[in-house]
Amino acid sequence: MEKQIAIELKNICKYFPGKVVANKNVNLTLYKGEILSLLGENGSGKTTLMNMISGIYFPDEGQIFINGEEAVIRSPKDAYNYKIGMIHQHFKLVDVFSAAENIVLGVKEAGRFSKKKIAMRVREIAERYGFDIDPKKRIHEMSVSEKQTVEIIKVLYRGADILILDEPTAVLTPQEIEKLFAVLRKMREDGKSIIIITHKLNEVMEISDRVSILRKGEYIGTVETSKTNPKQLTEMMVGKKTDLKIERVKTDFEKPLLEIRDIVIDKDDGSRAIDDVSFYIRGGEILGVAGVAGCGQKELCEAIAGLRPIKSGLVMHKGENIIGLPPKKIIEKGVSMSFIPEDRLGMGLAPSFSITDNMIIKNYGEGKGPFVNRKAARAHAKALIEKLEIVTPSTETPVRRLSGGNVQKVLVGREIEAGPNVIITAYPVRGLDINSSYLIYDILNDQKKKGTGILFIGEDLDVMLALCDKIMVICHGKNMGVVHAEKTTKEELGLMMTGALDLTEEKKDKNFGIAKDSNLTEEEWQEMEEETNNENHGKESKGNE
Amino acid sequence: MNVPGLVFGGIAIGIVFLYGSVGEIITEKSGHLNLGIPGIMCMGTAGGMFGVSNYMGMLSNTKSASLLLILLFGIVFAFLFAAVGGAIYALLTVSFKANQNVVGLAVTTFGAGFAQFFIKKFVTTKFLSRASKIVRNFINFEIKSSFGVPIKYQYGVLSCLAIILALACALFFKKTKKGLHLRAIGENPATADAVGINVNLYKYIAIIVGSGIAGLGGLYYVVEYNNGTFDNVLTIQAFGWLAVALVIFTMWRSDFAIFGSFVFGMLYVFNGNLTGTSSLATQELIKLLPYVMTIIVLIITSIFGSKNVQPPASLGLNYFREDR
């Protein structure tokens with residue numbers, strides 16, 4: 001049987017102000033009842049292209065055909081009329097509305113606005129595709145995966161036949177990804193056409209029927225998934241062979257730089273983020289922290305950097321307590337933190353500032369006199385742009401105008417520029433393409449050679465296994481054990497992440513996270529602990545009065 | 001303390017704030033903080049006075065004036081003039097994406113100046129007291145004040161209209177699809193846009209209709225409350241700021257605003273109903289109370305308030321579709 005075409009793009013071009021070519025002569029065909037992966041590096045124009053189908057942007061040149069007829073999509077409303085629905089990477093939901101209210105938003109329906117009827121239809125859709133949803137729950141009470149479910153039901157409620165998902169797996173745990181894929185397969189059986197944007201090659205291989213590849217805004221080609229392999233896809237995507245092997249630099253054994261004992265940290269809502277965790281980082285070592293999203297990684301980073309209070313426990317930097325020091329003092333000691341949050345818009349950069357100004361905001365205090373030294377900062381910025389191959393029109397372009405990957409390079413680059421001795425970095429390659437990721441790994445390895453201790457909080461286990469020396473696994477705020485990357489397996493890490501395996505229970509005598517050659521003797525640790533405990537008690541009793 | 005005077009006098013002046021804040025709530029629900037409301041209320045005053053006095057002037061005998069036509073002329077012109085102020089604000093902030101606070105303050109200054117000039121130049125105020133008598137004669141009752149003398153209280157159609165509008169506005173946001181859409185725009189315009197709601201159209205309508213309603217406050221003040229006399233724009237402006245404060249005080253709920261406006265009104269007439277004299281300083285301090293209460297409400301809601309009792313999330317932020 002001849003496959004029917006659902007949507008066809010012909011010679012689509014889109015230009016942005018400042019001579020930026022986002023898409024150039026893109027041709028794309030989506031058949032009915034198939035899952036098509038759209039693959040490309042960061043800034044290759046995938047999202048832009050999809051935004052043109054969903055009516056957020058309008059193409060400058062080219063045509064879109066839907067069911068064989070030329071379509072003009074000027075707004076999201078038009079897209080819905082053509083039965084196209086897009087699930088954006090940054091969810092477009094109203095936080096204070098319930099799931100049902102979000103789902104019916106903007107739907108033109110005859111008759112009264114009946115909450116019961118809406119809830120019934122939502123449940124119907126949910127059952128059909130195997131979703132799990134409470135229509136009355138408000139968005140701000142939901143997890144990321146629940147929010148995504150609402151987004152998907154929202155487009156299905158509008159009768160969408162063509163679904164576009166922009167990096168849907170970037171924020172999900174492995175189990176949630178499995179669930180999502182099961183739903184997508186059911187939709188395919190139901191005759192829906194799906195375009196999925198993702199960076200993860202294993203997901204592309206797993207879910208899609210065909211793969212279309214974009215590179216630097218241009219269409220490279222389409223291949224059938226069953227007739228290709230990750231290596232070929234990578235080649236098409238980056239245009240040249242990339243060595244998938246990450247180098248693990250060997251360094252000399254150094255004394256612990258940062259020692260953390262029995263640390264307890266709370267989340268914003270008062271629940272426990274990190275519960276009684278001990279670990280240490282040596283100079284010239286990369287310690288990976290693995291764990292499913294939202295299990296205390298962010299809070300741990302913030303606590304070490306002095307941005308979040310520590311309930312109890314000790315954080316010793318070169319044998320000196322840094323708990324209670326203001327963030328500026330901690331930076332001066334050489335502890336640097338860079339955290340790339342889930343939405344990737346960056347923590348630690350001012351979006352409307354230029355690269356130059358963003359260089360200044362961390363070290364403005366160093367210069368003499370009341371004026372900032374913009375000349376030096378500009379030179380720094382220039383060096384950074386060259387070194388990290390940041391794509392930007394100039395050093396004075398606001399950071400928010402850069403693509404996500406380039407923003408990340410600016411952030412990580414600035415942190416390293418300051419010459420820290422401890423680097424805490426969370427998801428530095430989140431959402432980055434392969435080339436940019438390798439650049440970041442190289443930077444980290446360079447630092448490691450210089451004797452810097454690195455805490456690498458990551459999500460991709462393959463990368464962590466290749467890059468890190470040791471990996472600590474956290475599950476629900478508890479330390480599940482520290483393993484040598486060379487000696488462990490992905491399966492073991494997976495078990496520890498889900499809490500199925502707890503090495504600290506199995507090998508109780510091993511004292512995980514306590515360095516044998518600590519900067520302090522056990523007696524000194526004891527003393528410190530008692531001291532801080534007394535202080536804490538003092539504070540608490542004062543607070544109670 | 002003259003309790004009846006405090007309550008009924010408070011309600012009467014509170015209606016002015018109620019008009020202003022219902023208008024401002026509709027505007028703010030679309031995500032636009034319209035600080036031009038004081039000026040827009042001045043424009044509404046000018047329009048209302050112009051409409052009513054022109055109608056009265058057309059009659060050979062003002063005794064034959066009809067209540068319906070006075071209201072019609074007053075409401076249409078007050079709404080229209082205020083809507084023009086709102087349209088200026090909407091054009092600059094919605095279409096040209098100018099900073100809302102700056103534009104709002106500019107509209108306030110412009111509106112006050114415009115009203116002062118327009119009323120002096122084009123409005124014959126001599127018929128207004130006659131019109132006022134007709135408008136006020138709707139609900140009449142007499143209550144003995146604490147000072148011993150019976151005082152006559154009158155509420156006109158415009159007082160009732162304000163309360164009806166406030167209730168209708170609350171129902172609109174709670175029960176209708178259009179209300180849901182408008183709330184969605186104020187919370188997250190990108191979301192509303194992505195589901196095919198015409199964000200800019202809604203914003204224009206909300207701002208213009210909201211401004212028009214706020215303008216009726218000026219009409220009410222001069223024609224119904226103040227016996228047809230207009231003192232100066234500063235008074236109206238002060239009411240405008242109280243209306244803006246009232247929006248925060250009632251946490252963007254127009255049904256709460258009815259009671260909120262009465263509370264503000266009572267604080268406003270507090271001095272006049274005190275038995276015994278108080279110093280000027282005390283009087284001025286009492287006038288401050290509505291603002292102090294607003295600040296307290298803000299503090300309480302921001303500390304203890306749940307996520308459901310908050311200002312519209314994108315209040316004060318302009319929406320650029322192609323921005324990240």
# chains A, B, ... in the order shown; residues from 1 in each chain; ligands from 1
>>> interface_residues(of="chain A", to="chain B", cutoff="7 Å", atoms="only C-alpha atoms", output="CSV table (one decimal) with N, CA and C atoms, in the first residue's frame")
chain,number,residue,atom,x,y,z
A,75,SER,N,-0.6,31.4,12.3
A,75,SER,CA,-0.7,31.4,13.8
A,75,SER,C,-1.0,30.0,14.3
A,76,PRO,N,-0.8,29.8,15.6
A,76,PRO,CA,-1.0,28.5,16.2
A,76,PRO,C,-2.4,28.1,15.9
A,77,LYS,N,-3.4,29.0,15.8
A,77,LYS,CA,-4.7,28.7,15.6
A,77,LYS,C,-4.9,28.0,14.2
A,92,LYS,N,4.0,25.2,27.6
A,92,LYS,CA,3.2,26.4,27.6
A,92,LYS,C,1.9,26.1,28.3
A,93,LEU,N,2.0,26.2,29.6
A,93,LEU,CA,0.9,26.0,30.5
A,93,LEU,C,0.7,27.1,31.5
A,94,VAL,N,-0.5,27.3,31.9
A,94,VAL,CA,-0.8,28.3,32.9
A,94,VAL,C,-0.7,27.7,34.3
A,96,VAL,N,-1.4,28.4,37.4
A,96,VAL,CA,-2.4,28.5,38.4
A,96,VAL,C,-3.7,27.8,38.0
A,105,LEU,N,-8.3,25.4,27.1
A,105,LEU,CA,-8.0,26.8,26.8
A,105,LEU,C,-8.0,27.0,25.3
A,106,GLY,N,-8.9,27.9,24.9
A,106,GLY,CA,-8.8,28.3,23.5
A,106,GLY,C,-9.6,27.4,22.5
A,113,PHE,N,-19.9,25.8,29.0
A,113,PHE,CA,-18.5,25.5,29.5
A,113,PHE,C,-18.7,24.5,30.6
>>> residues_around(residues="Asp517 of chain A", least_positions_apart="4", cutoff="10 Å", atoms="only C-alpha atoms", output="ChimeraX atom specification")
/A:254-256,521
>>> write_last_selection(atoms="C-alpha atoms", output="tab-separated table (two decimals), in the first residue's frame")
chain	number	residue	atom	x	y	z
A	254	GLU	CA	46.37	14.33	45.55
A	255	LYS	CA	45.03	15.16	48.97
A	256	PRO	CA	41.29	15.82	49.29
A	521	THR	CA	42.50	13.83	62.02
>>> residues_around(residues="Thr397 of chain A", least_positions_apart="4", cutoff="9 Å", atoms="only C-alpha atoms", output="MDAnalysis selection string")
chainID A and resid 352:356 392:393 401:402
>>> write_last_selection(atoms="N, CA and C atoms", output="PDB file, in the first residue's frame")
ATOM      1  N   SER A 352      20.133  39.607  29.487  1.00  0.00           N
ATOM      2  CA  SER A 352      20.174  40.768  28.592  1.00  0.00           C
ATOM      3  C   SER A 352      21.541  41.457  28.604  1.00  0.00           C
ATOM      4  N   PHE A 353      22.462  40.920  29.416  1.00  0.00           N
ATOM      5  CA  PHE A 353      23.833  41.450  29.398  1.00  0.00           C
ATOM      6  C   PHE A 353      24.608  40.825  28.237  1.00  0.00           C
ATOM      7  N   SER A 354      25.631  41.547  27.783  1.00  0.00           N
ATOM      8  CA  SER A 354      26.495  40.995  26.757  1.00  0.00           C
ATOM      9  C   SER A 354      27.455  39.990  27.392  1.00  0.00           C
ATOM     10  N   ILE A 355      28.192  39.288  26.544  1.00  0.00           N
ATOM     11  CA  ILE A 355      29.191  38.345  27.075  1.00  0.00           C
ATOM     12  C   ILE A 355      30.183  39.109  27.945  1.00  0.00           C
ATOM     13  N   THR A 356      30.618  40.266  27.463  1.00  0.00           N
ATOM     14  CA  THR A 356      31.571  41.075  28.215  1.00  0.00           C
ATOM     15  C   THR A 356      31.040  41.395  29.613  1.00  0.00           C
ATOM     16  N   THR A 392      28.654  33.920  17.946  1.00  0.00           N
ATOM     17  CA  THR A 392      27.977  35.160  18.331  1.00  0.00           C
ATOM     18  C   THR A 392      28.415  36.277  17.391  1.00  0.00           C
ATOM     19  N   PRO A 393      27.518  37.199  17.081  1.00  0.00           N
ATOM     20  CA  PRO A 393      27.915  38.304  16.207  1.00  0.00           C
ATOM     21  C   PRO A 393      29.038  39.152  16.804  1.00  0.00           C
ATOM     22  N   ARG A 401      20.361  36.302  23.152  1.00  0.00           N
ATOM     23  CA  ARG A 401      20.228  36.165  21.711  1.00  0.00           C
ATOM     24  C   ARG A 401      20.987  34.948  21.183  1.00  0.00           C
ATOM     25  N   LEU A 402      21.869  34.382  22.006  1.00  0.00           N
ATOM     26  CA  LEU A 402      22.654  33.231  21.557  1.00  0.00           C
ATOM     27  C   LEU A 402      21.819  31.969  21.692  1.00  0.00           C
TER      28      LEU A 402
END
>>> select_by_dssp(residues="segment 447-493 of chain A", states="alpha helix (DSSP H)", output="MDAnalysis selection string")
chainID A and resid 447:449 461:467 490:493
>>> atom_distance(atom1="atom CA of Pro327 of chain A", atom2="atom CA of Gly306 of chain A")
4.9 Å
>>> residues_around(residues="Arg185 of chain A", least_positions_apart="3", cutoff="12 Å", atoms="only C-alpha atoms", output="PDB file with N, CA and C atoms, in the first residue's frame")
ATOM      1  N   GLY A  33       0.821   7.952  10.118  1.00  0.00           N
ATOM      2  CA  GLY A  33       1.071   6.781  10.957  1.00  0.00           C
ATOM      3  C   GLY A  33       2.537   6.425  11.097  1.00  0.00           C
ATOM      4  N   GLU A  34       3.405   7.421  11.163  1.00  0.00           N
ATOM      5  CA  GLU A  34       4.814   7.107  11.403  1.00  0.00           C
ATOM      6  C   GLU A  34       5.411   8.060  12.433  1.00  0.00           C
ATOM      7  N   ILE A  35       6.522   7.612  12.994  1.00  0.00           N
ATOM      8  CA  ILE A  35       7.262   8.480  13.900  1.00  0.00           C
ATOM      9  C   ILE A  35       8.556   8.875  13.207  1.00  0.00           C
ATOM     10  N   LEU A  36       8.713  10.175  13.022  1.00  0.00           N
ATOM     11  CA  LEU A  36       9.902  10.687  12.341  1.00  0.00           C
ATOM     12  C   LEU A  36      10.756  11.419  13.369  1.00  0.00           C
ATOM     13  N   TYR A 129      -4.807   6.177  25.393  1.00  0.00           N
ATOM     14  CA  TYR A 129      -3.372   6.102  25.104  1.00  0.00           C
ATOM     15  C   TYR A 129      -2.541   5.697  26.319  1.00  0.00           C
ATOM     16  N   GLY A 130      -3.203   5.440  27.425  1.00  0.00           N
ATOM     17  CA  GLY A 130      -2.465   4.975  28.592  1.00  0.00           C
ATOM     18  C   GLY A 130      -1.770   6.071  29.377  1.00  0.00           C
ATOM     19  N   GLU A 178      10.294   5.596  28.983  1.00  0.00           N
ATOM     20  CA  GLU A 178       9.676   4.346  28.525  1.00  0.00           C
ATOM     21  C   GLU A 178       8.170   4.510  28.388  1.00  0.00           C
ATOM     22  N   LYS A 179       7.583   5.161  29.405  1.00  0.00           N
ATOM     23  CA  LYS A 179       6.144   5.371  29.414  1.00  0.00           C
ATOM     24  C   LYS A 179       5.720   6.252  28.229  1.00  0.00           C
ATOM     25  N   LEU A 180       6.499   7.304  28.013  1.00  0.00           N
ATOM     26  CA  LEU A 180       6.199   8.220  26.908  1.00  0.00           C
ATOM     27  C   LEU A 180       6.261   7.480  25.576  1.00  0.00           C
ATOM     28  N   PHE A 181       7.291   6.665  25.426  1.00  0.00           N
ATOM     29  CA  PHE A 181       7.455   5.947  24.159  1.00  0.00           C
ATOM     30  C   PHE A 181       6.303   4.975  23.937  1.00  0.00           C
ATOM     31  N   ALA A 182       5.845   4.365  25.009  1.00  0.00           N
ATOM     32  CA  ALA A 182       4.706   3.446  24.877  1.00  0.00           C
ATOM     33  C   ALA A 182       3.482   4.213  24.367  1.00  0.00           C
ATOM     34  N   ARG A 188       0.830   6.016  17.192  1.00  0.00           N
ATOM     35  CA  ARG A 188       1.186   5.626  15.826  1.00  0.00           C
ATOM     36  C   ARG A 188       0.217   4.566  15.317  1.00  0.00           C
ATOM     37  N   GLU A 189      -0.091   3.598  16.185  1.00  0.00           N
ATOM     38  CA  GLU A 189      -1.058   2.562  15.802  1.00  0.00           C
ATOM     39  C   GLU A 189      -2.410   3.191  15.470  1.00  0.00           C
ATOM     40  N   ASP A 190      -2.687   4.285  16.154  1.00  0.00           N
ATOM     41  CA  ASP A 190      -3.964   4.975  15.981  1.00  0.00           C
ATOM     42  C   ASP A 190      -3.986   5.818  14.705  1.00  0.00           C
ATOM     43  N   GLY A 191      -2.866   5.821  13.978  1.00  0.00           N
ATOM     44  CA  GLY A 191      -2.814   6.542  12.712  1.00  0.00           C
ATOM     45  C   GLY A 191      -2.293   7.963  12.810  1.00  0.00           C
ATOM     46  N   LYS A 192      -1.790   8.359  13.982  1.00  0.00           N
ATOM     47  CA  LYS A 192      -1.269   9.714  14.121  1.00  0.00           C
ATOM     48  C   LYS A 192       0.169   9.780  13.589  1.00  0.00           C
ATOM     49  N   SER A 193       0.525  10.955  13.095  1.00  0.00           N
ATOM     50  CA  SER A 193       1.891  11.159  12.619  1.00  0.00           C
ATOM     51  C   SER A 193       2.643  11.976  13.653  1.00  0.00           C
ATOM     52  N   ILE A 194       3.869  11.558  13.924  1.00  0.00           N
ATOM     53  CA  ILE A 194       4.600  12.199  15.011  1.00  0.00           C
ATOM     54  C   ILE A 194       5.995  12.603  14.558  1.00  0.00           C
ATOM     55  N   GLU A 206      15.453   3.753  18.914  1.00  0.00           N
ATOM     56  CA  GLU A 206      14.412   2.968  19.576  1.00  0.00           C
ATOM     57  C   GLU A 206      13.009   3.308  19.059  1.00  0.00           C
ATOM     58  N   ILE A 207      12.735   4.588  18.885  1.00  0.00           N
ATOM     59  CA  ILE A 207      11.347   4.986  18.706  1.00  0.00           C
ATOM     60  C   ILE A 207      10.946   5.251  17.252  1.00  0.00           C
ATOM     61  N   SER A 208      11.886   5.719  16.438  1.00  0.00           N
ATOM     62  CA  SER A 208      11.435   6.284  15.158  1.00  0.00           C
ATOM     63  C   SER A 208      11.433   5.283  14.017  1.00  0.00           C
ATOM     64  N   ASP A 209      10.614   5.588  13.005  1.00  0.00           N
ATOM     65  CA  ASP A 209      10.594   4.802  11.772  1.00  0.00           C
ATOM     66  C   ASP A 209      11.630   5.337  10.786  1.00  0.00           C
TER      67      ASP A 209
END
>>> residues_around(residues="segment 446-449 of chain A", least_positions_apart="4", cutoff="9 Å", atoms="only C-alpha atoms", output="ChimeraX atom specification")
/A:249-252,283-286,416,419-421,423,441-442,453-454
>>> residues_around(residues="segment 297-300 of chain B", least_positions_apart="4", cutoff="8 Å", atoms="only C-alpha atoms", output="list in words")
Ile248, Phe249, Met293, Phe304 and Gly305 of chain B
>>> residues_around(residues="Asn67 of chain A", least_positions_apart="3", cutoff="9 Å", atoms="only C-alpha atoms", output="PyMOL selection string")
chain A and resi 4-8+70
>>> select_by_dssp(residues="segment 394-443 of chain A", states="strand (DSSP E)", output="VMD selection string")
chain A and resid 422 to 426
>>> atom_distance(atom1="atom CA of Ile87 of chain A", atom2="atom CA of Glu61 of chain A")
24.5 Å
